[in-house]
>>> print(open('structure.cif').read())   # mmCIF, N, CA and C atoms
data_query
loop_
_atom_site.label_atom_id
_atom_site.label_comp_id
_atom_site.auth_asym_id
_atom_site.auth_seq_id
_atom_site.Cartn_x
_atom_site.Cartn_y
_atom_site.Cartn_z
N MET A 15 -21.62 21.93 4.43
CA MET A 15 -20.49 21.23 5.02
C MET A 15 -20.16 19.97 4.22
N ASP A 16 -21.19 19.35 3.63
CA ASP A 16 -20.95 18.16 2.82
C ASP A 16 -20.00 18.47 1.67
N THR A 17 -20.21 19.59 1.01
CA THR A 17 -19.37 19.97 -0.13
C THR A 17 -17.93 20.19 0.32
N LEU A 18 -17.75 20.91 1.40
CA LEU A 18 -16.40 21.14 1.92
C LEU A 18 -15.72 19.82 2.28
N ALA A 19 -16.43 18.95 2.94
CA ALA A 19 -15.87 17.65 3.31
C ALA A 19 -15.46 16.87 2.07
N ASN A 20 -16.33 16.84 1.06
CA ASN A 20 -16.01 16.12 -0.17
C ASN A 20 -14.80 16.70 -0.88
N VAL A 21 -14.71 18.02 -0.90
CA VAL A 21 -13.56 18.67 -1.54
C VAL A 21 -12.28 18.32 -0.79
N LEU A 22 -12.32 18.38 0.53
CA LEU A 22 -11.12 18.06 1.32
C LEU A 22 -10.72 16.59 1.15
N VAL A 23 -11.68 15.70 1.15
CA VAL A 23 -11.37 14.27 0.94
C VAL A 23 -10.77 14.09 -0.45
N GLY A 24 -11.33 14.75 -1.45
CA GLY A 24 -10.79 14.68 -2.80
C GLY A 24 -9.36 15.21 -2.88
N LEU A 25 -9.09 16.30 -2.18
CA LEU A 25 -7.73 16.85 -2.16
C LEU A 25 -6.75 15.90 -1.49
N VAL A 26 -7.16 15.28 -0.40
CA VAL A 26 -6.28 14.31 0.27
C VAL A 26 -6.04 13.10 -0.64
N ALA A 27 -7.08 12.66 -1.33
CA ALA A 27 -6.92 11.54 -2.28
C ALA A 27 -5.94 11.94 -3.38
N ALA A 28 -6.08 13.15 -3.93
CA ALA A 28 -5.18 13.61 -4.98
C ALA A 28 -3.74 13.73 -4.46
N LEU A 29 -3.60 14.19 -3.24
CA LEU A 29 -2.27 14.30 -2.63
C LEU A 29 -1.61 12.92 -2.54
N HIS A 30 -2.37 11.93 -2.15
CA HIS A 30 -1.81 10.58 -2.03
C HIS A 30 -1.55 9.94 -3.40
N ALA A 31 -2.34 10.30 -4.39
CA ALA A 31 -2.05 9.85 -5.75
C ALA A 31 -0.74 10.48 -6.22
N TYR A 32 -0.52 11.74 -5.88
CA TYR A 32 0.74 12.40 -6.20
C TYR A 32 1.91 11.71 -5.49
N PHE A 33 1.73 11.37 -4.21
CA PHE A 33 2.78 10.65 -3.49
C PHE A 33 3.10 9.33 -4.20
N LEU A 34 2.07 8.63 -4.68
CA LEU A 34 2.28 7.38 -5.41
C LEU A 34 3.19 7.63 -6.60
N VAL A 35 2.86 8.61 -7.42
CA VAL A 35 3.66 8.90 -8.62
C VAL A 35 5.08 9.29 -8.24
N LEU A 36 5.20 10.16 -7.26
CA LEU A 36 6.52 10.62 -6.83
C LEU A 36 7.38 9.47 -6.33
N GLU A 37 6.82 8.63 -5.48
CA GLU A 37 7.61 7.57 -4.85
C GLU A 37 7.82 6.36 -5.75
N MET A 38 6.87 6.07 -6.63
CA MET A 38 7.00 4.89 -7.48
C MET A 38 7.73 5.18 -8.79
N PHE A 39 7.55 6.38 -9.33
CA PHE A 39 8.06 6.64 -10.67
C PHE A 39 9.07 7.77 -10.78
N LEU A 40 9.10 8.67 -9.81
CA LEU A 40 9.99 9.83 -9.90
C LEU A 40 11.06 9.86 -8.81
N TRP A 41 11.18 8.80 -8.05
CA TRP A 41 12.09 8.78 -6.90
C TRP A 41 13.54 9.06 -7.28
N GLU A 42 13.97 8.50 -8.39
CA GLU A 42 15.37 8.67 -8.80
C GLU A 42 15.57 9.90 -9.69
N LYS A 43 14.50 10.57 -10.03
CA LYS A 43 14.58 11.78 -10.85
C LYS A 43 14.59 13.01 -9.94
N ALA A 44 14.71 14.16 -10.54
CA ALA A 44 14.86 15.41 -9.77
C ALA A 44 13.77 15.62 -8.72
N PRO A 45 12.48 15.43 -9.03
CA PRO A 45 11.47 15.68 -7.98
C PRO A 45 11.62 14.79 -6.76
N GLY A 46 11.90 13.52 -6.97
CA GLY A 46 12.08 12.59 -5.86
C GLY A 46 13.33 12.88 -5.06
N ARG A 47 14.41 13.19 -5.77
CA ARG A 47 15.67 13.49 -5.06
C ARG A 47 15.56 14.81 -4.30
N LYS A 48 14.80 15.76 -4.85
CA LYS A 48 14.61 17.02 -4.14
C LYS A 48 13.83 16.79 -2.84
N LEU A 49 12.79 15.96 -2.93
CA LEU A 49 11.99 15.66 -1.74
C LEU A 49 12.82 14.95 -0.68
N SER A 50 13.55 13.93 -1.10
CA SER A 50 14.30 13.11 -0.14
C SER A 50 15.62 13.73 0.27
N GLY A 51 16.19 14.54 -0.60
CA GLY A 51 17.52 15.08 -0.33
C GLY A 51 18.63 14.08 -0.63
N PHE A 52 18.28 12.99 -1.31
CA PHE A 52 19.25 11.94 -1.61
C PHE A 52 20.04 12.26 -2.87
N ASP A 53 21.30 11.83 -2.87
CA ASP A 53 22.08 11.89 -4.11
C ASP A 53 21.62 10.74 -5.01
N PRO A 54 22.04 10.71 -6.27
CA PRO A 54 21.56 9.66 -7.19
C PRO A 54 21.81 8.23 -6.69
N ALA A 55 22.94 8.00 -6.06
CA ALA A 55 23.25 6.64 -5.58
C ALA A 55 22.30 6.22 -4.45
N MET A 56 22.04 7.12 -3.52
CA MET A 56 21.13 6.79 -2.41
C MET A 56 19.69 6.66 -2.92
N ALA A 57 19.31 7.51 -3.87
CA ALA A 57 17.97 7.39 -4.45
C ALA A 57 17.80 6.03 -5.13
N ARG A 58 18.82 5.59 -5.86
CA ARG A 58 18.77 4.28 -6.52
C ARG A 58 18.68 3.16 -5.48
N ALA A 59 19.44 3.28 -4.41
CA ALA A 59 19.45 2.24 -3.37
C ALA A 59 18.13 2.16 -2.61
N THR A 60 17.46 3.29 -2.46
CA THR A 60 16.21 3.32 -1.69
C THR A 60 14.96 3.26 -2.56
N ALA A 61 15.12 3.20 -3.88
CA ALA A 61 13.97 3.21 -4.79
C ALA A 61 12.96 2.09 -4.49
N PRO A 62 13.40 0.85 -4.20
CA PRO A 62 12.40 -0.18 -3.89
C PRO A 62 11.58 0.14 -2.63
N LEU A 63 12.20 0.73 -1.64
CA LEU A 63 11.47 1.12 -0.42
C LEU A 63 10.49 2.25 -0.72
N ALA A 64 10.93 3.22 -1.52
CA ALA A 64 10.05 4.32 -1.89
C ALA A 64 8.86 3.82 -2.71
N ALA A 65 9.12 2.88 -3.62
CA ALA A 65 8.03 2.33 -4.43
C ALA A 65 7.00 1.62 -3.55
N ASN A 66 7.47 0.93 -2.53
CA ASN A 66 6.56 0.27 -1.61
C ASN A 66 5.70 1.30 -0.88
N GLN A 67 6.32 2.38 -0.42
CA GLN A 67 5.56 3.46 0.21
C GLN A 67 4.55 4.04 -0.76
N GLY A 68 4.96 4.22 -2.00
CA GLY A 68 4.08 4.77 -3.02
C GLY A 68 2.86 3.90 -3.23
N LEU A 69 3.07 2.58 -3.24
CA LEU A 69 1.95 1.66 -3.41
C LEU A 69 0.94 1.83 -2.27
N TYR A 70 1.43 1.93 -1.05
CA TYR A 70 0.53 2.13 0.09
C TYR A 70 -0.22 3.45 -0.03
N ASN A 71 0.46 4.50 -0.48
CA ASN A 71 -0.22 5.77 -0.68
C ASN A 71 -1.30 5.65 -1.75
N GLY A 72 -1.05 4.84 -2.75
CA GLY A 72 -2.07 4.59 -3.77
C GLY A 72 -3.29 3.90 -3.19
N PHE A 73 -3.07 2.97 -2.28
CA PHE A 73 -4.21 2.30 -1.63
C PHE A 73 -5.02 3.30 -0.81
N LEU A 74 -4.34 4.23 -0.14
CA LEU A 74 -5.07 5.26 0.61
C LEU A 74 -5.89 6.12 -0.33
N ALA A 75 -5.30 6.54 -1.44
CA ALA A 75 -6.03 7.34 -2.42
C ALA A 75 -7.24 6.58 -2.95
N ALA A 76 -7.05 5.31 -3.29
CA ALA A 76 -8.16 4.51 -3.82
C ALA A 76 -9.28 4.37 -2.79
N GLY A 77 -8.92 4.16 -1.54
CA GLY A 77 -9.93 4.04 -0.49
C GLY A 77 -10.72 5.33 -0.30
N LEU A 78 -10.03 6.46 -0.41
CA LEU A 78 -10.73 7.74 -0.27
C LEU A 78 -11.66 8.00 -1.46
N VAL A 79 -11.22 7.65 -2.66
CA VAL A 79 -12.09 7.79 -3.83
C VAL A 79 -13.31 6.88 -3.68
N TRP A 80 -13.08 5.66 -3.21
CA TRP A 80 -14.20 4.74 -2.96
C TRP A 80 -15.18 5.39 -1.98
N GLY A 81 -14.64 5.98 -0.91
CA GLY A 81 -15.49 6.64 0.07
C GLY A 81 -16.31 7.79 -0.53
N LEU A 82 -15.74 8.46 -1.52
CA LEU A 82 -16.46 9.56 -2.16
C LEU A 82 -17.58 9.08 -3.08
N ILE A 83 -17.38 7.93 -3.72
CA ILE A 83 -18.38 7.50 -4.71
C ILE A 83 -19.37 6.48 -4.17
N ALA A 84 -19.04 5.83 -3.06
CA ALA A 84 -19.95 4.84 -2.47
C ALA A 84 -21.09 5.56 -1.76
N GLY A 85 -22.24 4.96 -1.80
CA GLY A 85 -23.38 5.51 -1.06
C GLY A 85 -23.19 5.34 0.44
N ASP A 86 -23.90 6.15 1.19
CA ASP A 86 -23.84 6.04 2.65
C ASP A 86 -24.70 4.86 3.11
N PRO A 87 -24.35 4.18 4.17
CA PRO A 87 -23.32 4.54 5.13
C PRO A 87 -21.92 4.07 4.75
N THR A 88 -21.79 3.26 3.70
CA THR A 88 -20.48 2.73 3.33
C THR A 88 -19.49 3.84 3.00
N GLY A 89 -19.90 4.82 2.20
CA GLY A 89 -19.00 5.89 1.81
C GLY A 89 -18.49 6.68 3.00
N PHE A 90 -19.40 7.03 3.91
CA PHE A 90 -19.02 7.76 5.11
C PHE A 90 -18.01 6.96 5.93
N ARG A 91 -18.31 5.69 6.13
CA ARG A 91 -17.43 4.84 6.94
C ARG A 91 -16.07 4.64 6.27
N ALA A 92 -16.06 4.49 4.96
CA ALA A 92 -14.79 4.35 4.24
C ALA A 92 -13.95 5.61 4.37
N GLN A 93 -14.59 6.76 4.26
CA GLN A 93 -13.86 8.02 4.42
C GLN A 93 -13.25 8.13 5.81
N ILE A 94 -14.02 7.80 6.83
CA ILE A 94 -13.51 7.85 8.21
C ILE A 94 -12.32 6.91 8.36
N PHE A 95 -12.48 5.68 7.90
CA PHE A 95 -11.40 4.69 8.04
C PHE A 95 -10.13 5.14 7.33
N PHE A 96 -10.25 5.51 6.04
CA PHE A 96 -9.05 5.83 5.28
C PHE A 96 -8.43 7.16 5.72
N LEU A 97 -9.24 8.12 6.12
CA LEU A 97 -8.67 9.35 6.66
C LEU A 97 -7.96 9.11 7.99
N ALA A 98 -8.51 8.24 8.82
CA ALA A 98 -7.82 7.88 10.07
C ALA A 98 -6.48 7.22 9.75
N CYS A 99 -6.46 6.36 8.75
CA CYS A 99 -5.20 5.73 8.33
C CYS A 99 -4.20 6.79 7.86
N VAL A 100 -4.67 7.77 7.10
CA VAL A 100 -3.80 8.85 6.62
C VAL A 100 -3.21 9.60 7.81
N VAL A 101 -4.04 9.93 8.79
CA VAL A 101 -3.57 10.70 9.95
C VAL A 101 -2.56 9.87 10.76
N VAL A 102 -2.88 8.62 11.02
CA VAL A 102 -1.95 7.77 11.78
C VAL A 102 -0.62 7.62 11.04
N ALA A 103 -0.67 7.36 9.74
CA ALA A 103 0.56 7.23 8.96
C ALA A 103 1.34 8.54 8.97
N GLY A 104 0.63 9.66 8.86
CA GLY A 104 1.31 10.96 8.87
C GLY A 104 1.96 11.28 10.20
N VAL A 105 1.29 10.97 11.29
CA VAL A 105 1.87 11.20 12.61
C VAL A 105 3.07 10.30 12.82
N TYR A 106 2.93 9.04 12.46
CA TYR A 106 4.05 8.10 12.62
C TYR A 106 5.25 8.54 11.77
N GLY A 107 4.98 8.88 10.52
CA GLY A 107 6.06 9.34 9.65
C GLY A 107 6.70 10.62 10.16
N GLY A 108 5.87 11.52 10.68
CA GLY A 108 6.40 12.76 11.22
C GLY A 108 7.27 12.56 12.44
N LEU A 109 6.93 11.57 13.25
CA LEU A 109 7.72 11.31 14.46
C LEU A 109 8.96 10.47 14.20
N THR A 110 8.91 9.63 13.17
CA THR A 110 10.02 8.69 12.94
C THR A 110 10.90 9.01 11.74
N ALA A 111 10.38 9.75 10.76
CA ALA A 111 11.15 9.97 9.54
C ALA A 111 11.47 11.45 9.31
N ASN A 112 10.43 12.28 9.23
CA ASN A 112 10.65 13.69 8.92
C ASN A 112 9.44 14.48 9.39
N ARG A 113 9.69 15.52 10.15
CA ARG A 113 8.60 16.32 10.71
C ARG A 113 7.71 16.96 9.64
N ARG A 114 8.26 17.16 8.44
CA ARG A 114 7.45 17.75 7.36
C ARG A 114 6.23 16.89 7.04
N ILE A 115 6.31 15.60 7.32
CA ILE A 115 5.20 14.69 7.03
C ILE A 115 3.97 15.05 7.86
N LEU A 116 4.20 15.61 9.04
CA LEU A 116 3.06 16.05 9.87
C LEU A 116 2.23 17.10 9.12
N VAL A 117 2.89 18.02 8.44
CA VAL A 117 2.20 19.09 7.73
C VAL A 117 1.69 18.62 6.37
N ALA A 118 2.49 17.80 5.69
CA ALA A 118 2.14 17.38 4.33
C ALA A 118 1.09 16.28 4.29
N GLN A 119 1.01 15.45 5.34
CA GLN A 119 0.09 14.31 5.31
C GLN A 119 -0.90 14.33 6.47
N ALA A 120 -0.40 14.42 7.69
CA ALA A 120 -1.29 14.31 8.85
C ALA A 120 -2.26 15.49 8.94
N LEU A 121 -1.78 16.70 8.72
CA LEU A 121 -2.65 17.87 8.84
C LEU A 121 -3.78 17.87 7.81
N PRO A 122 -3.49 17.68 6.51
CA PRO A 122 -4.62 17.62 5.57
C PRO A 122 -5.59 16.49 5.88
N GLY A 123 -5.07 15.35 6.29
CA GLY A 123 -5.94 14.23 6.65
C GLY A 123 -6.81 14.56 7.85
N ALA A 124 -6.24 15.22 8.84
CA ALA A 124 -7.01 15.59 10.03
C ALA A 124 -8.08 16.63 9.72
N LEU A 125 -7.75 17.60 8.87
CA LEU A 125 -8.74 18.61 8.48
C LEU A 125 -9.90 17.95 7.72
N ALA A 126 -9.57 17.06 6.79
CA ALA A 126 -10.61 16.36 6.04
C ALA A 126 -11.44 15.47 6.97
N LEU A 127 -10.78 14.78 7.88
CA LEU A 127 -11.50 13.92 8.82
C LEU A 127 -12.46 14.75 9.68
N GLY A 128 -12.00 15.88 10.16
CA GLY A 128 -12.87 16.76 10.95
C GLY A 128 -14.08 17.22 10.15
N ALA A 129 -13.85 17.58 8.89
CA ALA A 129 -14.95 18.04 8.06
C ALA A 129 -15.95 16.92 7.78
N VAL A 130 -15.45 15.71 7.54
CA VAL A 130 -16.33 14.57 7.29
C VAL A 130 -17.16 14.28 8.54
N LEU A 131 -16.53 14.31 9.70
CA LEU A 131 -17.27 14.04 10.95
C LEU A 131 -18.33 15.11 11.21
N LEU A 132 -17.99 16.36 10.95
CA LEU A 132 -18.96 17.44 11.15
C LEU A 132 -20.11 17.35 10.15
N ALA A 133 -19.81 16.93 8.94
CA ALA A 133 -20.85 16.80 7.91
C ALA A 133 -21.72 15.58 8.12
N GLY A 134 -21.14 14.56 8.80
CA GLY A 134 -21.83 13.28 8.98
C GLY A 134 -23.08 13.38 9.74
#
>>> encode(input="structure.cif", output="structure tokens")
Amino acid sequence: MDTLANVLVGLVAALHAYFLVLEMFLWEKAPGRKLSGFDPAMARATAPLAANQGLYNGFLAAGLVWGLIAGDPTGFRAQIFFLACVVVAGVYGGLTANRRILVAQALPGALALGAVLLAG
């Protein structure tokens, strides 16, 4: 179960690193506009907000990586904290911005959190 938990935490960290790149660097390009559905003018207008979101996603990814490399009990606790943050942010985003966020962020975070708790 430890291996599965570590793999899931790593995947969630990689997903949030991808969100960072998408929101900070690709927002006005085709991948970002496809995700948001924005035309070039709206993508340009919202780029600072997307970059801010991307930075926060980077912090989540960094915290999860820290949780993977830190020894226990710190690593375990960091994983729980940052995965809980991922789930809360995903639920909030899914309820207030776009329901797809529930599947893209909250669900992977919840699966990883469950695996970490079971492995703990």
>>> closest_residue(input="structure.cif", among="A:Ser50, A:Val23, A:Leu78, A:Asp86", to="Ala126 of chain A", atoms="all atoms listed in the file")
A:Val23
>>> resolve_selection(input="structure.cif", expression="the PyMOL selection byres ((chain A and resi 119) around 8)", output="number ranges by chain")
A: 100-105, 114-118, 120-125
>>> write_last_selection(input="structure.cif", atoms="N, CA and C atoms", output="short mmCIF file (atom, residue, chain, number, x, y, z; two decimals), in the frame of the given file")
data_model
loop_
_atom_site.label_atom_id
_atom_site.label_comp_id
_atom_site.auth_asym_id
_atom_site.auth_seq_id
_atom_site.Cartn_x
_atom_site.Cartn_y
_atom_site.Cartn_z
N VAL A 100 -4.67 7.77 7.10
CA VAL A 100 -3.80 8.85 6.62
C VAL A 100 -3.21 9.60 7.81
N VAL A 101 -4.04 9.93 8.79
CA VAL A 101 -3.57 10.70 9.95
C VAL A 101 -2.56 9.87 10.76
N VAL A 102 -2.88 8.62 11.02
CA VAL A 102 -1.95 7.77 11.78
C VAL A 102 -0.62 7.62 11.04
N ALA A 103 -0.67 7.36 9.74
CA ALA A 103 0.56 7.23 8.96
C ALA A 103 1.34 8.54 8.97
N GLY A 104 0.63 9.66 8.86
CA GLY A 104 1.31 10.96 8.87
C GLY A 104 1.96 11.28 10.20
N VAL A 105 1.29 10.97 11.29
CA VAL A 105 1.87 11.20 12.61
C VAL A 105 3.07 10.30 12.82
N ARG A 114 8.26 17.16 8.44
CA ARG A 114 7.45 17.75 7.36
C ARG A 114 6.23 16.89 7.04
N ILE A 115 6.31 15.60 7.32
CA ILE A 115 5.20 14.69 7.03
C ILE A 115 3.97 15.05 7.86
N LEU A 116 4.20 15.61 9.04
CA LEU A 116 3.06 16.05 9.87
C LEU A 116 2.23 17.10 9.12
N VAL A 117 2.89 18.02 8.44
CA VAL A 117 2.20 19.09 7.73
C VAL A 117 1.69 18.62 6.37
N ALA A 118 2.49 17.80 5.69
CA ALA A 118 2.14 17.38 4.33
C ALA A 118 1.09 16.28 4.29
N ALA A 120 -0.40 14.42 7.69
CA ALA A 120 -1.29 14.31 8.85
C ALA A 120 -2.26 15.49 8.94
N LEU A 121 -1.78 16.70 8.72
CA LEU A 121 -2.65 17.87 8.84
C LEU A 121 -3.78 17.87 7.81
N PRO A 122 -3.49 17.68 6.51
CA PRO A 122 -4.62 17.62 5.57
C PRO A 122 -5.59 16.49 5.88
N GLY A 123 -5.07 15.35 6.29
CA GLY A 123 -5.94 14.23 6.65
C GLY A 123 -6.81 14.56 7.85
N ALA A 124 -6.24 15.22 8.84
CA ALA A 124 -7.01 15.59 10.03
C ALA A 124 -8.08 16.63 9.72
N LEU A 125 -7.75 17.60 8.87
CA LEU A 125 -8.74 18.61 8.48
C LEU A 125 -9.90 17.95 7.72
#
>>> atom_distance(input="structure.cif", atom1="atom C of Ala27 of chain A", atom2="atom N of Gly85 of chain A")
17.8 Å
>>> atom_distance(input="structure.cif", atom1="atom C of Asn71 of chain A", atom2="atom N of Val35 of chain A")
7.6 Å
>>> residues_around(input="structure.cif", residues="Phe33 of chain A", least_positions_apart="5", cutoff="8 Å", atoms="all atoms listed in the file", output="MDAnalysis selection string")
chainID A and resid 27:28 38:39 67:72
>>> write_last_selection(input="structure.cif", atoms="N, CA and C atoms", output="CSV table (one decimal), keeping the file's coordinate frame")
chain,number,residue,atom,x,y,z
A,27,ALA,N,-7.1,12.7,-1.3
A,27,ALA,CA,-6.9,11.5,-2.3
A,27,ALA,C,-5.9,11.9,-3.4
A,28,ALA,N,-6.1,13.2,-3.9
A,28,ALA,CA,-5.2,13.6,-5.0
A,28,ALA,C,-3.7,13.7,-4.5
A,38,MET,N,6.9,6.1,-6.6
A,38,MET,CA,7.0,4.9,-7.5
A,38,MET,C,7.7,5.2,-8.8
A,39,PHE,N,7.6,6.4,-9.3
A,39,PHE,CA,8.1,6.6,-10.7
A,39,PHE,C,9.1,7.8,-10.8
A,67,GLN,N,6.3,2.4,-0.4
A,67,GLN,CA,5.6,3.5,0.2
A,67,GLN,C,4.6,4.0,-0.8
A,68,GLY,N,5.0,4.2,-2.0
A,68,GLY,CA,4.1,4.8,-3.0
A,68,GLY,C,2.9,3.9,-3.2
A,69,LEU,N,3.1,2.6,-3.2
A,69,LEU,CA,2.0,1.7,-3.4
A,69,LEU,C,0.9,1.8,-2.3
A,70,TYR,N,1.4,1.9,-1.0
A,70,TYR,CA,0.5,2.1,0.1
A,70,TYR,C,-0.2,3.4,0.0
A,71,ASN,N,0.5,4.5,-0.5
A,71,ASN,CA,-0.2,5.8,-0.7
A,71,ASN,C,-1.3,5.6,-1.8
A,72,GLY,N,-1.0,4.8,-2.8
A,72,GLY,CA,-2.1,4.6,-3.8
A,72,GLY,C,-3.3,3.9,-3.2
>>> atom_distance(input="structure.cif", atom1="atom N of Val26 of chain A", atom2="atom CA of Leu74 of chain A")
10.3 Å
>>> closest_residue(input="structure.cif", among="A:Leu34, A:Val21, A:Ala76, A:Ala84", to="Ala64 of chain A", atoms="only C-alpha atoms")
A:Leu34
>>> closest_residue(input="structure.cif", among="A:Leu18, A:Ala133, A:Leu127, A:Ala57", to="Leu97 of chain A", atoms="all atoms listed in the file")
A:Leu127
>>> closest_residue(input="structure.cif", among="A:Tyr106, A:Trp41, A:Phe52, A:Phe95", to="Gly77 of chain A", atoms="all atoms listed in the file")
A:Phe95
>>> closest_residue(input="structure.cif", among="A:Leu82, A:Met56, A:Asn66, A:Pro87", to="Gly24 of chain A", atoms="all atoms listed in the file")
A:Leu82
>>> build_atoms(input="structure.cif", residues="segment 96-104 of chain A", atoms="all heavy atoms", output="mmCIF file, in the frame of the given file")
data_model
loop_
_atom_site.group_PDB
_atom_site.id
_atom_site.type_symbol
_atom_site.label_atom_id
_atom_site.label_comp_id
_atom_site.auth_asym_id
_atom_site.auth_seq_id
_atom_site.Cartn_x
_atom_site.Cartn_y
_atom_site.Cartn_z
ATOM 1 N N PHE A 96 -10.250 5.510 6.040
ATOM 2 C CA PHE A 96 -9.050 5.830 5.280
ATOM 3 C C PHE A 96 -8.430 7.160 5.720
ATOM 4 O O PHE A 96 -7.205 7.295 5.715
ATOM 5 C CB PHE A 96 -9.331 5.783 3.774
ATOM 6 C CG PHE A 96 -9.413 4.375 3.261
ATOM 7 C CD1 PHE A 96 -10.639 3.762 3.070
ATOM 8 C CD2 PHE A 96 -8.269 3.642 3.010
ATOM 9 C CE1 PHE A 96 -10.722 2.455 2.627
ATOM 10 C CE2 PHE A 96 -8.334 2.329 2.569
ATOM 11 C CZ PHE A 96 -9.562 1.730 2.371
ATOM 12 N N LEU A 97 -9.240 8.120 6.120
ATOM 13 C CA LEU A 97 -8.670 9.350 6.660
ATOM 14 C C LEU A 97 -7.960 9.110 7.990
ATOM 15 O O LEU A 97 -6.904 9.699 8.252
ATOM 16 C CB LEU A 97 -9.742 10.436 6.809
ATOM 17 C CG LEU A 97 -10.236 11.034 5.496
ATOM 18 C CD1 LEU A 97 -11.478 11.877 5.732
ATOM 19 C CD2 LEU A 97 -9.140 11.855 4.820
ATOM 20 N N ALA A 98 -8.510 8.240 8.820
ATOM 21 C CA ALA A 98 -7.820 7.880 10.070
ATOM 22 C C ALA A 98 -6.480 7.220 9.750
ATOM 23 O O ALA A 98 -5.475 7.508 10.418
ATOM 24 C CB ALA A 98 -8.703 6.971 10.916
ATOM 25 N N CYS A 99 -6.460 6.360 8.750
ATOM 26 C CA CYS A 99 -5.200 5.730 8.330
ATOM 27 C C CYS A 99 -4.200 6.790 7.860
ATOM 28 O O CYS A 99 -3.003 6.713 8.193
ATOM 29 C CB CYS A 99 -5.441 4.725 7.205
ATOM 30 S SG CYS A 99 -6.309 3.234 7.712
ATOM 31 N N VAL A 100 -4.670 7.770 7.100
ATOM 32 C CA VAL A 100 -3.800 8.850 6.620
ATOM 33 C C VAL A 100 -3.210 9.600 7.810
ATOM 34 O O VAL A 100 -2.006 9.884 7.859
ATOM 35 C CB VAL A 100 -4.587 9.814 5.698
ATOM 36 C CG1 VAL A 100 -3.837 11.122 5.494
ATOM 37 C CG2 VAL A 100 -4.887 9.149 4.365
ATOM 38 N N VAL A 101 -4.040 9.930 8.790
ATOM 39 C CA VAL A 101 -3.570 10.700 9.950
ATOM 40 C C VAL A 101 -2.560 9.870 10.760
ATOM 41 O O VAL A 101 -1.494 10.383 11.126
ATOM 42 C CB VAL A 101 -4.755 11.155 10.829
ATOM 43 C CG1 VAL A 101 -4.270 11.776 12.130
ATOM 44 C CG2 VAL A 101 -5.635 12.137 10.061
ATOM 45 N N VAL A 102 -2.880 8.620 11.020
ATOM 46 C CA VAL A 102 -1.950 7.770 11.780
ATOM 47 C C VAL A 102 -0.620 7.620 11.040
ATOM 48 O O VAL A 102 0.452 7.769 11.646
ATOM 49 C CB VAL A 102 -2.588 6.395 12.086
ATOM 50 C CG1 VAL A 102 -1.569 5.423 12.639
ATOM 51 C CG2 VAL A 102 -3.753 6.559 13.061
ATOM 52 N N ALA A 103 -0.670 7.360 9.740
ATOM 53 C CA ALA A 103 0.560 7.230 8.960
ATOM 54 C C ALA A 103 1.340 8.540 8.970
ATOM 55 O O ALA A 103 2.573 8.542 9.070
ATOM 56 C CB ALA A 103 0.236 6.797 7.533
ATOM 57 N N GLY A 104 0.630 9.660 8.860
ATOM 58 C CA GLY A 104 1.310 10.960 8.870
ATOM 59 C C GLY A 104 1.960 11.280 10.200
ATOM 60 O O GLY A 104 3.081 11.794 10.245
#
